[in-house]
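Okay, structure.cif now, which holds mmCIF, C-alpha atoms and all ligand atoms:
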```cif
data_upload
#
loop_
_atom_site.label_atom_id
_atom_site.label_comp_id
_atom_site.auth_asym_id
_atom_site.auth_seq_id
_atom_site.Cartn_x
_atom_site.Cartn_y
_atom_site.Cartn_z
CA MET A 970 -5.70 94.85 -29.13
CA VAL A 971 -8.90 95.78 -27.33
CA ASP A 972 -10.83 93.73 -24.79
CA GLU A 973 -8.30 90.89 -24.99
CA LYS A 974 -8.74 90.55 -28.78
CA ILE A 975 -6.63 91.46 -31.77
CA VAL A 976 -8.42 94.36 -33.51
CA ALA A 977 -5.93 95.48 -36.15
CA ILE A 978 -2.85 94.16 -37.90
CA GLY A 979 -0.69 96.39 -40.06
CA ASP A 980 2.46 98.40 -40.59
CA ASP A 981 1.72 101.82 -39.27
CA LEU A 982 -1.15 101.42 -36.85
CA LYS A 983 -0.16 104.54 -34.88
CA LYS A 984 -1.78 106.68 -37.57
CA HIS A 985 -5.26 105.45 -36.79
CA HIS A 986 -5.09 103.97 -33.29
CA SER A 987 -4.05 105.04 -29.83
CA PHE A 988 -2.23 102.68 -27.49
CA ASP A 989 -1.80 102.20 -23.77
CA GLU A 990 1.54 100.57 -24.45
CA LEU A 991 3.79 99.93 -27.43
CA ILE A 992 6.01 96.85 -27.32
CA ASP A 993 9.06 96.89 -29.53
CA ALA A 994 9.31 93.63 -31.50
CA HIS A 995 12.24 94.77 -33.60
CA ARG A 996 14.32 91.73 -34.70
CA LEU A 997 11.89 89.39 -32.96
CA LEU A 998 9.50 86.84 -34.42
CA VAL A 999 5.88 87.33 -33.47
CA PHE A 1000 3.68 84.23 -33.43
CA PRO A 1001 0.47 82.94 -31.82
CA GLY A 1002 0.63 81.70 -28.25
CA GLY A 1003 1.43 78.01 -28.06
CA ILE A 1004 -1.25 75.44 -27.33
CA ASP A 1005 -0.20 72.26 -25.56
CA PRO A 1006 -3.11 69.86 -26.07
CA HIS A 1007 -1.76 67.19 -23.71
CA THR A 1008 -0.83 67.95 -20.10
CA HIS A 1009 -1.50 66.32 -16.73
CA MET A 1010 -1.41 68.85 -13.89
CA ASP A 1011 -2.04 67.56 -10.39
CA LEU A 1012 -2.77 64.06 -11.71
CA PRO A 1013 -3.16 61.28 -9.14
CA VAL A 1014 -0.88 58.37 -10.07
CA MET A 1015 0.17 55.40 -7.93
CA GLY A 1016 -0.58 57.07 -4.62
CA THR A 1017 1.10 60.37 -5.51
CA HIS A 1018 0.30 63.39 -7.73
CA SER A 1019 2.13 64.89 -10.69
CA SER A 1020 4.23 67.59 -9.08
CA ASP A 1021 3.00 70.61 -11.07
CA ASP A 1022 -0.44 71.84 -10.20
CA PHE A 1023 -2.42 74.24 -12.41
CA GLU A 1024 -0.55 77.20 -10.92
CA THR A 1025 3.07 76.07 -11.24
CA GLY A 1026 2.33 74.15 -14.44
CA THR A 1027 0.77 77.12 -16.23
CA ILE A 1028 3.46 79.52 -14.95
CA SER A 1029 5.99 77.17 -16.60
CA ALA A 1030 3.89 76.95 -19.76
CA LEU A 1031 3.68 80.74 -20.09
CA HIS A 1032 7.43 81.20 -19.59
CA GLY A 1033 7.88 78.85 -22.52
CA GLY A 1034 5.37 80.63 -24.77
CA THR A 1035 2.42 78.29 -24.24
CA THR A 1036 -0.68 80.33 -23.45
CA SER A 1037 -3.25 77.51 -23.49
CA ILE A 1038 -3.24 73.91 -22.34
CA ILE A 1039 -5.74 71.10 -22.62
CA ASP A 1040 -5.53 68.83 -19.59
CA PHE A 1041 -7.37 65.58 -18.88
CA ALA A 1042 -10.22 65.04 -16.43
CA ASN A 1043 -10.30 61.30 -15.73
CA GLN A 1044 -13.51 59.52 -14.78
CA GLU A 1045 -13.06 57.08 -11.90
CA LYS A 1046 -14.46 53.68 -12.79
CA GLY A 1047 -17.90 53.58 -11.19
CA GLY A 1048 -18.00 57.37 -10.85
CA THR A 1049 -19.82 59.85 -13.06
CA LEU A 1050 -18.38 62.07 -15.77
CA ASN A 1051 -19.59 65.16 -13.93
CA ASP A 1052 -17.75 64.03 -10.79
CA ALA A 1053 -14.53 63.94 -12.81
CA LEU A 1054 -15.15 67.37 -14.26
CA ASP A 1055 -15.99 68.86 -10.88
CA ILE A 1056 -12.71 67.53 -9.50
CA TRP A 1057 -10.62 68.89 -12.38
CA LYS A 1058 -12.42 72.23 -12.51
CA ALA A 1059 -11.67 72.67 -8.80
CA LYS A 1060 -8.00 71.85 -9.42
CA ALA A 1061 -7.74 74.51 -12.16
CA SER A 1062 -10.04 77.36 -11.23
CA GLY A 1063 -8.45 79.94 -8.94
CA LYS A 1064 -5.02 78.56 -9.87
CA ALA A 1065 -4.42 78.44 -13.62
CA ILE A 1066 -2.79 81.46 -15.23
CA SER A 1067 -2.71 80.25 -18.81
CA ASP A 1068 -6.07 79.45 -20.36
CA TYR A 1069 -7.10 75.81 -20.14
CA GLY A 1070 -9.57 73.26 -21.40
CA PHE A 1071 -10.23 69.62 -20.59
CA HIS A 1072 -10.45 66.40 -22.53
CA LEU A 1073 -12.75 64.08 -20.60
CA THR A 1074 -11.47 60.53 -20.11
CA ILE A 1075 -14.29 57.99 -20.21
CA THR A 1076 -13.55 54.79 -18.34
CA ASP A 1077 -17.10 53.59 -17.82
CA LEU A 1078 -19.85 54.29 -20.34
CA ASN A 1079 -23.23 53.17 -19.06
CA GLU A 1080 -26.82 54.38 -19.25
CA ARG A 1081 -26.17 56.99 -16.58
CA THR A 1082 -22.93 58.39 -17.97
CA LYS A 1083 -24.27 58.40 -21.55
CA LYS A 1084 -26.98 60.81 -20.45
CA GLU A 1085 -24.35 63.21 -19.07
CA ILE A 1086 -22.50 63.64 -22.34
CA PRO A 1087 -24.71 66.09 -24.29
CA ALA A 1088 -24.72 68.73 -21.51
CA ILE A 1089 -20.98 68.27 -20.97
CA PHE A 1090 -20.44 68.72 -24.68
CA LYS A 1091 -22.51 71.91 -24.68
CA SER A 1092 -20.44 73.24 -21.80
CA GLY A 1093 -17.37 73.24 -24.05
CA ILE A 1094 -15.78 69.85 -23.50
CA THR A 1095 -15.83 68.40 -26.99
CA SER A 1096 -13.00 65.85 -26.98
CA PHE A 1097 -13.04 62.57 -25.08
CA LYS A 1098 -10.09 60.41 -24.13
CA THR A 1099 -9.95 56.65 -24.18
CA PHE A 1100 -7.27 54.17 -23.11
CA THR A 1101 -6.37 50.73 -24.43
CA ALA A 1102 -3.89 50.27 -21.57
CA TYR A 1103 -3.77 50.67 -17.75
CA ARG A 1104 -6.09 47.72 -17.06
CA GLY A 1105 -8.25 48.16 -13.96
CA SER A 1106 -8.15 51.96 -13.93
CA LEU A 1107 -8.33 53.66 -17.31
CA MET A 1108 -8.51 50.89 -19.90
CA ILE A 1109 -11.76 50.12 -21.75
CA ASP A 1110 -12.59 47.27 -24.12
CA ASP A 1111 -13.29 47.53 -27.85
CA LYS A 1112 -17.05 47.27 -27.36
CA MET A 1113 -17.09 50.33 -25.11
CA MET A 1114 -14.64 52.13 -27.42
CA GLY A 1115 -17.05 51.65 -30.34
CA GLU A 1116 -20.00 52.85 -28.25
CA ILE A 1117 -18.09 55.96 -27.18
CA MET A 1118 -17.21 56.69 -30.80
CA ARG A 1119 -20.87 56.53 -31.82
CA GLU A 1120 -22.03 58.75 -28.96
CA ILE A 1121 -19.36 61.38 -29.57
CA LYS A 1122 -19.67 61.34 -33.35
CA ALA A 1123 -23.39 62.11 -33.08
CA LEU A 1124 -22.50 65.34 -31.26
CA GLY A 1125 -19.63 66.36 -33.56
CA GLY A 1126 -16.93 65.65 -31.01
CA LEU A 1127 -13.58 63.93 -31.23
CA VAL A 1128 -12.36 60.71 -29.61
CA THR A 1129 -8.71 60.62 -28.61
CA VAL A 1130 -6.80 57.51 -27.65
CA HIS A 1131 -3.74 56.38 -25.71
CA ALA A 1132 -2.91 53.41 -27.92
CA GLU A 1133 -0.80 50.66 -26.35
CA ASP A 1134 -1.86 47.04 -26.21
CA ALA A 1135 -2.35 46.03 -22.58
CA ASP A 1136 -1.87 42.25 -23.12
CA THR A 1137 1.51 42.74 -24.79
CA ILE A 1138 2.69 45.03 -22.00
CA GLU A 1139 1.45 42.75 -19.23
CA ASP A 1140 3.11 39.67 -20.80
CA LYS A 1141 6.41 41.51 -21.04
CA ILE A 1142 6.21 42.80 -17.49
CA ARG A 1143 5.56 39.25 -16.23
CA GLU A 1144 8.52 37.93 -18.22
CA TYR A 1145 10.95 40.55 -16.86
CA LYS A 1146 9.70 40.31 -13.31
CA ASN A 1147 10.06 36.50 -13.36
CA ALA A 1148 13.62 36.92 -14.58
CA GLY A 1149 14.36 39.46 -11.83
CA LEU A 1150 14.94 42.23 -14.38
CA LEU A 1151 13.59 45.22 -12.51
CA THR A 1152 15.61 48.32 -13.48
CA PRO A 1153 13.91 51.25 -15.31
CA LYS A 1154 15.18 50.06 -18.69
CA TYR A 1155 12.72 47.15 -18.44
CA HIS A 1156 9.85 49.60 -18.33
CA ALA A 1157 10.88 50.67 -21.83
CA LEU A 1158 11.39 47.08 -23.01
CA SER A 1159 8.00 46.06 -21.69
CA HIS A 1160 6.30 48.74 -23.83
CA PRO A 1161 7.49 47.65 -27.30
CA ILE A 1162 6.60 49.48 -30.50
CA SER A 1163 4.53 46.45 -31.53
CA ALA A 1164 2.16 47.21 -28.62
CA GLU A 1165 1.62 50.73 -29.94
CA VAL A 1166 1.11 49.56 -33.54
CA LYS A 1167 -1.30 46.81 -32.48
CA ALA A 1168 -3.50 49.09 -30.38
CA ALA A 1169 -3.40 52.02 -32.81
CA SER A 1170 -4.37 49.73 -35.69
CA ARG A 1171 -7.22 48.21 -33.73
CA VAL A 1172 -8.62 51.59 -32.70
CA MET A 1173 -8.27 52.96 -36.23
CA ASP A 1174 -10.30 49.98 -37.47
CA LEU A 1175 -12.94 50.73 -34.85
CA ALA A 1176 -13.02 54.39 -35.89
CA TYR A 1177 -13.35 53.33 -39.52
CA GLN A 1178 -16.19 50.92 -38.77
CA ASN A 1179 -17.97 53.61 -36.76
CA GLU A 1180 -17.18 56.42 -39.23
CA SER A 1181 -15.63 58.32 -36.35
CA GLY A 1182 -12.78 60.82 -36.33
CA LEU A 1183 -9.80 59.84 -34.21
CA TYR A 1184 -6.87 61.64 -32.58
CA ILE A 1185 -3.98 59.42 -31.49
CA VAL A 1186 -2.02 60.95 -28.61
CA HIS A 1187 1.74 60.71 -27.99
CA THR A 1188 2.65 58.72 -31.11
CA SER A 1189 6.22 57.60 -30.60
CA ALA A 1190 7.34 55.34 -33.44
CA GLY A 1191 7.89 55.10 -37.18
CA ASP A 1192 6.02 51.79 -37.42
CA THR A 1193 2.92 53.42 -35.92
CA LEU A 1194 3.15 56.15 -38.54
CA LYS A 1195 3.29 53.47 -41.25
CA ALA A 1196 0.13 51.86 -39.84
CA ILE A 1197 -1.57 55.26 -39.79
CA GLN A 1198 -0.52 55.94 -43.38
CA LYS A 1199 -2.27 52.77 -44.51
CA ASN A 1200 -5.55 54.51 -43.69
CA PHE A 1201 -4.96 56.87 -46.58
CA ASP A 1202 -6.19 54.02 -48.80
CA ARG A 1203 -9.59 54.07 -47.14
CA ARG A 1204 -9.61 57.89 -46.87
CA GLN A 1205 -9.85 57.76 -43.09
CA ARG A 1206 -9.26 60.94 -41.11
CA VAL A 1207 -6.85 60.32 -38.25
CA PHE A 1208 -5.17 63.15 -36.40
CA VAL A 1209 -1.76 62.39 -34.99
CA GLU A 1210 0.03 63.89 -32.02
CA THR A 1211 3.61 63.35 -31.02
CA CYS A 1212 5.53 64.91 -28.14
CA THR A 1213 8.79 66.83 -27.85
CA GLN A 1214 10.55 63.94 -26.12
CA TYR A 1215 9.84 61.47 -28.97
CA LEU A 1216 11.34 63.91 -31.47
CA LEU A 1217 14.42 64.84 -29.44
CA LEU A 1218 15.48 61.94 -27.25
CA ASP A 1219 16.53 58.40 -28.13
CA ASP A 1220 16.51 55.15 -26.18
CA SER A 1221 20.15 55.48 -25.09
CA VAL A 1222 18.62 57.40 -22.14
CA TYR A 1223 17.77 53.99 -20.67
CA ASP A 1224 21.44 53.02 -20.57
CA GLN A 1225 22.24 55.61 -17.90
CA PRO A 1226 23.75 54.12 -14.75
CA GLY A 1227 21.83 53.10 -11.65
CA PHE A 1228 18.32 54.40 -11.25
CA GLU A 1229 18.96 57.59 -13.30
CA SER A 1230 16.93 56.38 -16.28
CA ALA A 1231 13.76 56.39 -14.14
CA LYS A 1232 13.57 60.05 -15.19
CA TYR A 1233 12.58 58.79 -18.65
CA VAL A 1234 9.97 56.29 -17.50
CA MET A 1235 6.85 57.24 -19.41
CA SER A 1236 4.37 55.45 -21.62
CA PRO A 1237 5.08 55.00 -24.43
CA PRO A 1238 8.82 55.07 -23.73
CA ILE A 1239 11.52 56.90 -25.69
CA ARG A 1240 12.31 55.08 -28.96
CA SER A 1241 15.29 54.84 -31.35
CA ILE A 1242 17.04 57.57 -33.33
CA ASP A 1243 15.35 56.23 -36.47
CA ASP A 1244 11.96 56.74 -34.86
CA CYS A 1245 12.93 60.37 -34.13
CA LYS A 1246 13.85 60.79 -37.79
CA ASP A 1247 10.55 59.24 -38.92
CA LEU A 1248 8.60 61.57 -36.65
CA TRP A 1249 10.39 64.68 -37.96
CA TYR A 1250 9.74 63.50 -41.51
CA ALA A 1251 6.05 62.90 -40.75
CA LEU A 1252 5.76 66.32 -39.14
CA ARG A 1253 7.22 67.95 -42.23
CA ALA A 1254 5.01 65.87 -44.52
CA GLY A 1255 1.81 66.68 -42.62
CA LEU A 1256 1.13 63.19 -41.24
CA VAL A 1257 1.69 64.44 -37.67
CA HIS A 1258 -0.53 67.38 -36.73
CA SER A 1259 0.53 68.47 -33.31
CA VAL A 1260 3.47 68.43 -30.94
CA ALA A 1261 2.38 68.20 -27.31
CA THR A 1262 4.35 67.36 -24.17
CA ASP A 1263 2.27 64.90 -22.12
CA HIS A 1264 3.67 67.02 -19.28
CA CYS A 1265 3.29 64.80 -16.22
CA PRO A 1266 6.23 65.49 -13.88
CA PHE A 1267 7.31 63.52 -10.83
CA HIS A 1268 10.30 64.42 -8.67
CA TYR A 1269 13.21 62.03 -9.10
CA LYS A 1270 13.79 62.10 -5.36
CA GLY A 1271 10.64 61.35 -3.42
CA GLN A 1272 8.36 60.22 -6.26
CA LYS A 1273 10.16 58.32 -9.06
CA ASP A 1274 12.24 56.51 -6.44
CA ALA A 1275 9.16 54.62 -5.25
CA GLY A 1276 10.14 52.23 -8.03
CA ASP A 1277 13.81 51.80 -7.17
CA GLY A 1278 14.07 48.02 -7.31
CA ASP A 1279 10.80 47.51 -9.22
CA PHE A 1280 10.20 49.46 -12.43
CA THR A 1281 6.44 48.81 -12.27
CA LYS A 1282 6.23 51.10 -9.23
CA ILE A 1283 7.83 54.12 -10.95
CA PRO A 1284 5.13 56.74 -11.63
CA ASN A 1285 4.86 57.11 -15.42
CA GLY A 1286 5.42 60.55 -16.86
CA ALA A 1287 7.90 63.38 -17.34
CA PRO A 1288 8.05 67.19 -17.45
CA GLY A 1289 8.30 69.38 -20.55
CA VAL A 1290 5.59 72.05 -20.88
CA GLU A 1291 8.08 74.88 -20.37
CA ASN A 1292 10.53 73.80 -23.06
CA ARG A 1293 8.31 72.65 -25.95
CA MET A 1294 8.17 75.83 -28.04
CA GLU A 1295 11.86 76.69 -27.72
CA LEU A 1296 13.01 73.11 -28.35
CA ILE A 1297 10.80 72.60 -31.40
CA TYR A 1298 11.93 75.95 -32.78
CA SER A 1299 15.58 75.14 -32.12
CA GLU A 1300 15.65 71.52 -33.30
CA GLY A 1301 12.98 72.02 -35.95
CA VAL A 1302 13.16 75.47 -37.53
CA ASP A 1303 16.71 76.47 -36.69
CA LYS A 1304 18.12 73.10 -37.82
CA GLY A 1305 16.08 73.23 -41.04
CA ARG A 1306 13.85 70.22 -40.32
CA ILE A 1307 10.58 72.17 -40.52
CA THR A 1308 9.56 75.62 -41.70
CA LEU A 1309 8.52 78.43 -39.40
CA GLU A 1310 4.98 78.06 -40.77
CA LYS A 1311 4.93 74.35 -39.90
CA PHE A 1312 6.24 75.21 -36.42
CA VAL A 1313 3.29 77.54 -35.83
CA GLU A 1314 0.84 74.96 -37.19
CA VAL A 1315 2.03 72.08 -35.02
CA THR A 1316 2.57 74.06 -31.82
CA SER A 1317 -0.61 76.11 -31.99
CA THR A 1318 -2.87 76.48 -35.05
CA TYR A 1319 -3.76 72.86 -35.70
CA ALA A 1320 -4.53 72.10 -32.06
CA ALA A 1321 -6.88 75.10 -32.03
CA ARG A 1322 -8.66 73.84 -35.14
CA ILE A 1323 -8.78 70.17 -34.24
CA PHE A 1324 -10.07 70.88 -30.75
CA GLY A 1325 -12.56 73.61 -31.61
CA MET A 1326 -10.77 76.56 -29.98
CA LYS A 1327 -12.12 79.19 -32.32
CA ASN A 1328 -10.48 82.18 -30.60
CA LYS A 1329 -7.02 80.64 -30.38
CA GLY A 1330 -4.15 79.53 -32.59
CA ALA A 1331 -3.71 82.41 -35.02
CA LEU A 1332 -2.78 86.08 -35.19
CA ASP A 1333 -5.99 87.24 -36.82
CA ILE A 1334 -8.43 90.03 -36.18
CA GLY A 1335 -11.03 88.86 -33.67
CA LYS A 1336 -8.83 86.16 -32.12
CA ASP A 1337 -7.63 86.27 -28.53
CA ALA A 1338 -4.45 88.34 -28.27
CA ASP A 1339 -2.29 85.37 -27.22
CA ILE A 1340 1.04 86.48 -28.63
CA VAL A 1341 4.68 85.40 -28.29
CA LEU A 1342 7.64 87.64 -29.09
CA PHE A 1343 10.57 85.34 -29.78
CA ASP A 1344 14.25 86.02 -30.34
CA PRO A 1345 15.31 83.47 -33.00
CA SER A 1346 19.03 83.89 -32.38
CA ALA A 1347 19.31 84.00 -28.56
CA LEU A 1348 21.24 81.03 -27.22
CA HIS A 1349 20.53 79.55 -23.82
CA THR A 1350 21.02 76.30 -21.95
CA ILE A 1351 18.20 74.31 -20.38
CA SER A 1352 18.56 73.52 -16.71
CA SER A 1353 16.16 72.44 -14.00
CA SER A 1354 17.84 74.97 -11.68
CA SER A 1355 16.45 77.89 -13.71
CA SER A 1356 13.21 76.17 -14.70
CA LYS A 1357 9.80 77.18 -13.41
CA GLN A 1358 8.55 73.57 -13.50
CA ASN A 1359 8.05 72.15 -10.03
CA VAL A 1360 10.28 69.14 -10.48
CA ASP A 1361 13.88 68.33 -9.59
CA TYR A 1362 15.11 67.42 -13.07
CA ASN A 1363 14.72 68.32 -16.71
CA LEU A 1364 14.67 65.81 -19.58
CA TYR A 1365 16.82 68.20 -21.64
CA GLU A 1366 19.33 69.22 -18.94
CA GLY A 1367 22.38 70.92 -20.46
CA GLN A 1368 20.93 71.16 -23.96
CA THR A 1369 21.78 74.41 -25.74
CA VAL A 1370 18.80 75.95 -27.48
CA THR A 1371 18.74 78.54 -30.27
CA GLY A 1372 15.76 80.84 -29.84
CA LYS A 1373 14.15 82.27 -26.74
CA VAL A 1374 10.73 83.38 -25.61
CA ILE A 1375 11.08 87.07 -24.71
CA THR A 1376 7.60 88.43 -24.10
CA VAL A 1377 4.24 86.68 -23.81
CA LEU A 1378 0.77 88.16 -23.90
CA ARG A 1379 -2.19 86.14 -22.74
CA ARG A 1380 -5.44 87.65 -23.97
CA GLY A 1381 -3.68 90.99 -24.39
CA LYS A 1382 -2.04 91.08 -20.98
CA VAL A 1383 1.73 90.92 -20.72
CA VAL A 1384 2.49 87.95 -18.47
CA VAL A 1385 6.15 87.45 -19.41
CA ARG A 1386 8.31 90.49 -20.12
CA ASN A 1387 11.94 90.15 -21.19
CA GLY A 1388 11.90 86.54 -20.03
CA LYS A 1389 10.56 87.31 -16.57
CA ALA A 1390 7.10 86.84 -15.04
CA ASP A 1391 5.15 90.08 -15.18
CA GLN A 1392 2.08 90.27 -12.94
CA MET A 1393 1.11 86.67 -13.44
CA GLU A 1394 -2.00 86.63 -11.31
CA LYS A 1395 -3.02 83.29 -9.92
CA GLY A 1396 -6.45 82.21 -11.15
CA THR A 1397 -6.65 84.58 -14.13
CA GLY A 1398 -6.49 81.74 -16.66
CA GLN A 1399 -9.87 81.13 -18.23
CA PHE A 1400 -11.64 77.91 -19.07
CA ILE A 1401 -11.76 77.54 -22.86
CA LYS A 1402 -15.25 76.65 -24.00
CA ARG A 1403 -14.62 74.59 -27.10
CA ASP A 1404 -16.73 73.94 -30.19
CA LYS A 1405 -17.17 70.92 -32.40
CA PHE A 1406 -13.92 69.74 -33.87
CA ASN A 1407 -12.87 70.89 -37.31
CA PHE A 1408 -12.01 68.21 -39.86
CA SER A 1409 -10.59 70.60 -42.41
CA LEU A 1410 -7.01 71.45 -41.64
O1 LIG B 1501 3.66 58.09 -18.98
C1 LIG B 1501 2.76 58.88 -19.21
N1 LIG B 1501 2.52 59.20 -20.46
N2 LIG B 1501 2.05 59.40 -18.21
C2 LIG B 1501 0.96 60.28 -18.31
C3 LIG B 1501 -0.34 59.58 -18.58
C4 LIG B 1501 -0.46 59.11 -20.00
O2 LIG B 1501 -0.49 57.93 -20.25
O3 LIG B 1501 -0.56 59.93 -20.92
ZN ZN B 1502 -1.06 58.40 -22.41
ZN ZN B 1503 -0.88 61.76 -21.17
#
```
Before anything else, please render the file you have as structure tokens.
Amino acid sequence: MVDEKIVAIGDDLKKHHSFDELIDAHRLLVFPGGIDPHTHMDLPVMGTHSSDDFETGTISALHGGTTSIIDFANQEKGGTLNDALDIWKAKASGKAISDYGFHLTITDLNERTKKEIPAIFKSGITSFKTFTAYRGSLMIDDKMMGEIMREIKALGGLVTVHAEDADTIEDKIREYKNAGLLTPKYHALSHPISAEVKAASRVMDLAYQNESGLYIVHTSAGDTLKAIQKNFDRRQRVFVETCTQYLLLDDSVYDQPGFESAKYVMSPPIRSIDDCKDLWYALRAGLVHSVATDHCPFHYKGQKDAGDGDFTKIPNGAPGVENRMELIYSEGVDKGRITLEKFVEVTSTYAARIFGMKNKGALDIGKDADIVLFDPSALHTISSSSSKQNVDYNLYEGQTVTGKVITVLRRGKVVVRNGKADQMEKGTGQFIKRDKFNFSL
């Protein structure tokens, strides 16, 4: 590699090239650096912040073979889009070590904010997030959703959506609260699959009516996949993301004693074993295009416990950016659920294509030299005590994993060597200026 780029690929490159350093990849797999298209570093939630900032979060990502993340800059209702971007750029620049981009969450489209979009788009922010839930802060109505789709489509951008029906959730919360049912399990029960199906279906209809592309984030359930599949009949293009936790964990996590299951309070919640099976099947079949993490950690002690006695006060979200690549390799490739090629597609290549990251997601000449050397047979056990994530628990505590990230290069620079940080310099992560999204996977 030269100037951070891959310049040659071949068997015996020593004949024609000189090298500053040769790295022995004997018996290792070599694949493109992971891209996690859904993280929340330093996110303000319920009077606290997600516990990883762009420094600790990207250190964790790199240790796990993820060399790029796309985080979310959220517009405050009443504020401008540029205000949101300024805030998130300040959080990331000078701190991030992996490369990073932003999806921009629009919560208030008006004459003023509409005018901001073209310049923001040109600056490399080409995907826009919308919410059908979190009334009062992030949620927008269908009219605004349609308007956003039209604005973004005209520029060649992509609308993404957190699809859960707010009315369903609010009704359920009221019911459980009135009955005095306040443990973390009732968070999960108040976010039923029907709420996800209802919102996803509605937003897909809106995208269809507006001839807009759509990317559905953190899809958690088989019934949602069935609703998405129906769009094949009308030849609609919907990109689908799931997350590691929806593939690997099942809803028995909510039966843990006491307040323990608050660790799994996220939206949508963890579903049934059958949903996990449906998601693996859909990944294999190409209906799901990317596996993200929705990394949004909160300490169990000191943050999650704000909701001990009232599940509605538990900050929503969980950690995972460090473990995604190894877990999907172990549970996916090693267990024969997906091929190695599919693994690379859903952890890196497709996110690069969908989100217009033209220099990322593949080991090709001219691409950024984001490279992972991976030992496919090394066994290790996940534990929060050895994790780089700044959080006091791990969703996969005690799980044995087959396959380990050994060495990671970010734009040609070794940042992890033999499993250990190697000159990870704070602030060396670069903002990824993204292009229009690419329909053709
Ligand atoms: O519970 C979650 N997923 N928290 C992070 C924010 C979001 O909704 O994606
Ligand atoms: Zn979400
Ligand atoms: Zn999220």
Exercise. Near region 1357-1366 of chain A, within 6 Å and counting only C-alpha atoms, which residues show up once chain neighbours fewer than 5 positions away are dropped, as a PyMOL selection string?
Worked result: chain A and resi 1021+1029+1268+1351-1352
Name the residues within 9 Å of (2.6, 88.2, -23.4), counting all atoms listed in the file in the file's coordinates, and put them as a PDB file with C-alpha atoms, in the frame of the given file.
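Result went into out.pdb, see below:
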```
ATOM      1  CA  GLY A1002       0.630  81.700 -28.250  1.00  0.00           C
ATOM      2  CA  LEU A1031       3.680  80.740 -20.090  1.00  0.00           C
ATOM      3  CA  GLY A1034       5.370  80.630 -24.770  1.00  0.00           C
ATOM      4  CA  THR A1036      -0.680  80.330 -23.450  1.00  0.00           C
ATOM      5  CA  ALA A1338      -4.450  88.340 -28.270  1.00  0.00           C
ATOM      6  CA  ASP A1339      -2.290  85.370 -27.220  1.00  0.00           C
ATOM      7  CA  ILE A1340       1.040  86.480 -28.630  1.00  0.00           C
ATOM      8  CA  VAL A1341       4.680  85.400 -28.290  1.00  0.00           C
ATOM      9  CA  LEU A1342       7.640  87.640 -29.090  1.00  0.00           C
ATOM     10  CA  ILE A1375      11.080  87.070 -24.710  1.00  0.00           C
ATOM     11  CA  THR A1376       7.600  88.430 -24.100  1.00  0.00           C
ATOM     12  CA  VAL A1377       4.240  86.680 -23.810  1.00  0.00           C
ATOM     13  CA  LEU A1378       0.770  88.160 -23.900  1.00  0.00           C
ATOM     14  CA  ARG A1379      -2.190  86.140 -22.740  1.00  0.00           C
ATOM     15  CA  ARG A1380      -5.440  87.650 -23.970  1.00  0.00           C
ATOM     16  CA  GLY A1381      -3.680  90.990 -24.390  1.00  0.00           C
ATOM     17  CA  LYS A1382      -2.040  91.080 -20.980  1.00  0.00           C
ATOM     18  CA  VAL A1383       1.730  90.920 -20.720  1.00  0.00           C
ATOM     19  CA  VAL A1384       2.490  87.950 -18.470  1.00  0.00           C
ATOM     20  CA  VAL A1385       6.150  87.450 -19.410  1.00  0.00           C
ATOM     21  CA  ARG A1386       8.310  90.490 -20.120  1.00  0.00           C
ATOM     22  CA  ASP A1391       5.150  90.080 -15.180  1.00  0.00           C
TER      23      ASP A1391
END
```
Exercise. Counting only C-alpha atoms and all ligand atoms, which of A:Val1315, A:Leu1332, A:Ala1132, A:Leu1054 gets nearest to ligand LIG 1501 (chain B)?
Worked result: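 Nearest candidate to ligand LIG 1501 (chain B) out of A:Val1315, A:Leu1332, A:Ala1132, A:Leu1054: A:Ala1132.
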For this session: May I have the residues within 7 Å of ligand ZN 1502 (chain B), computed using only C-alpha atoms and all ligand atoms, as a PyMOL selection string?
Result: chain A and resi 1131+1186-1187+1236
Problem set entry | Selection: 6 Å around Ser1317 (chain A), all atoms listed in the file, excl. self and same-chain fewer than 5 positions, as a list in words |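 Here the qualifying residues turn out to be Gly1003, Ile1004 and Gly1330 of chain A.
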